[in-house]
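**Q** Sharing a structure with you now.
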Amino acid sequence: MESPWDELALAFSRTSMFPFFDIAHYLVSVMALRHQPGAAAMAWKNPISSWFTAMLHCFGGGILSCILLAEPPLRFLANHTNILLASSIWYIIFFCPCDLVSQGYSFLPVQLLAAGMKEVTRTWKIVGGVTHANSYYKNGWLVMIAIGWARGAGGTIITNFEKLVKGDWKPEDHEWLKMSYPSKVTLLGSVIFTFQHTKHLAISKHNLMFLYTIFIVATKVTMMITQTSPMTFAPFEDTLSRMLFGWQQQFSCEKKSEAKSSSNGTGSLTSKPVDDTSDKVKKKHTKKTE
């Protein structure tokens, strides 16, 4: 007989993302586009371009994973239900009278609920990407990590390409050079689920999905409530960086300190004869004056 924890985790892992969790994902993604400077004016001036950008925000992870696996990148258009749902949310966000949707989304409880539900979909996307990559490359864990990461956080990378096409791209915003918190937490999840899928991690999939989802939802909600920057991985990154790459810098600093100490020692030795000669000159001068 399974324990209540296993039953809860198993029931959670079988939860369908359609329609409520998908709605939350589309809502958060399109609202992020809505808050960009000039996005509202662009929607009125060029609705087709605004709609296409919104679809990149909503389905960017699936598009990037298809590109990496040499699949048709427009395969997401075959899912007419999700396309109509995402398009409807885009329409009511940008063209709702009196901007009622944006005003309703401005309330913090609504944002917390939508952001938490969106993080749940992140877990399902990572697991789906890892499983899908394993069907192409059996136990190819590097490919599985890459596809899981692309499926879960590919929207941020695809939108960078969209900014490049529009001419709004900046080098400091490049996701490969400066990874954001969603990219980091998705990469961590992709690695964990890949190890679980290849039997290198002794934990069931439904338990891991439940624990990972609790972690990312709790972290996201805490960040939004406290309005703090994502410092979750900062201590781990600093420790790992010092372990892997900091020894060389420490060794160079030790060599510099030894060189300085040796130079100080030789300087003190050379200064003694100079002091002795100066004392002799002073004594001779006093004798002459006497």
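Naming scheme: A, B, ... for chains in displayed order of the structure tokens; residues 1 onward per chain; ligands 1 onward as shown.
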Give the alpha helix (DSSP H) residues of segment 66-262 of chain A, as DSSP finds them on the backbone, and put them as a PyMOL selection string.
**A** chain A and resi 66-68+80-95+100-105+108-136+141-166+181-197+205-226+234-262
**Q** I'd like the neighbourhood of Ile92 of chain A as a list of chain:residue names, where a residue qualifies if any of its atoms comes within 10 Å (using only C-alpha atoms), though same-chain residues fewer than 5 positions away should be ignored.
**A**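 Close residues of Ile92 of chain A: A:Ser87, A:Pro97, A:Asp99, A:Leu100, A:Val101, A:Ser102.
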**Q** Write out as a short mmCIF file (atom, residue, chain, number, x, y, z; two decimals) with C-alpha atoms, in the first residue's frame each polymer residue whose atoms come within 9 Å of segment 69-79 of chain A, counting only C-alpha atoms; drop sequence neighbours fewer than 5 positions from it.
**A**
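So the final result, stored in around.cif, reads:
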```cif
data_model
loop_
_atom_site.label_atom_id
_atom_site.label_comp_id
_atom_site.auth_asym_id
_atom_site.auth_seq_id
_atom_site.Cartn_x
_atom_site.Cartn_y
_atom_site.Cartn_z
CA PHE A 59 5.76 28.73 -27.58
CA GLY A 62 8.88 24.23 -28.19
CA ILE A 63 10.21 26.07 -31.24
CA LEU A 64 13.81 26.00 -29.99
CA LEU A 84 -6.55 29.90 -30.32
CA ALA A 133 15.14 13.73 -26.50
CA TYR A 136 15.85 10.18 -30.41
CA ILE A 147 16.42 19.72 -24.98
#
```
**Q** One decimal, Å: what's the distance from atom CA of Ala86 of chain A over to atom CA of Tyr26 of chain A, could you say?
**A**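 Computing the Euclidean distance for atom CA of Ala86 of chain A and atom CA of Tyr26 of chain A yields 5.8 Å.
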**Q** Taking only C-alpha atoms into account, which of A:Leu187, A:His200, A:Gly129, A:Asn160 comes nearest Phe233 of chain A?
**A**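 Comparing A:Leu187, A:His200, A:Gly129, A:Asn160 against Phe233 of chain A, the winner is A:Leu187.
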**Q** Which neighbours of Gly61 of chain A fall inside 7 Å, counting only C-alpha atoms, when residues of the same chain fewer than 2 positions from it are skipped, and could you give them as a count of residues only?
**A** 10
**Q** In Å, rounded to a single decimal, give me how far atom CA of Leu112 of chain A is from atom CA of Thr222 of chain A.
**A** 9.4 Å
**Q** Excluding segment 107-110 of chain A and residues on its chain fewer than 4 positions from it, collect all residues at most 9 Å away from it, counting only C-alpha atoms, and give them as a PyMOL selection string.
**A** chain A and resi 103+114-115+224-225
**Q** Can you pull out the residues contacting segment 183-186 of chain A? Cut-off 9 Å, using only C-alpha atoms, and skip same-chain residues under 3 positions away; I want them as a PyMOL selection string.
**A** chain A and resi 122-123+126+148-150+152-154+156+175+179-180+189-191+216+233
**Q** Smallest atom-to-atom distance to Ser29 of chain A: which of A:Gln111, A:Cys98, A:Ser3, A:Ala41, using only C-alpha atoms?
**A**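 Nearest to Ser29 of chain A: A:Gln111.
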**Q** Measuring atom to atom with only C-alpha atoms, identify which of A:Ile93, A:Val120, A:Leu240, A:Leu113 is nearest to Ser16 of chain A.
**A**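 Using only C-alpha atoms, the shortest distance to Ser16 of chain A belongs to A:Val120.
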**Q** Taking only C-alpha atoms into account, name the residue in A:Met55, A:Asn82, A:Ile89, A:Tyr105 that is nearest to His35 of chain A.
**A**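 Among the listed residues, the smallest separation from His35 of chain A belongs to A:Tyr105.
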**Q** From the options A:Ala218, A:Lys178, A:Tyr91, A:Met243, which residue's atoms come nearest to Ile48 of chain A, counting only C-alpha atoms?
**A**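 The answer is A:Tyr91, which sits nearest to Ile48 of chain A.
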**Q** I'd like to know which of A:Trp124, A:Gly140, A:Trp90, A:Ala202 is closest to Ala43 of chain A, using only C-alpha atoms.
**A** A:Trp90
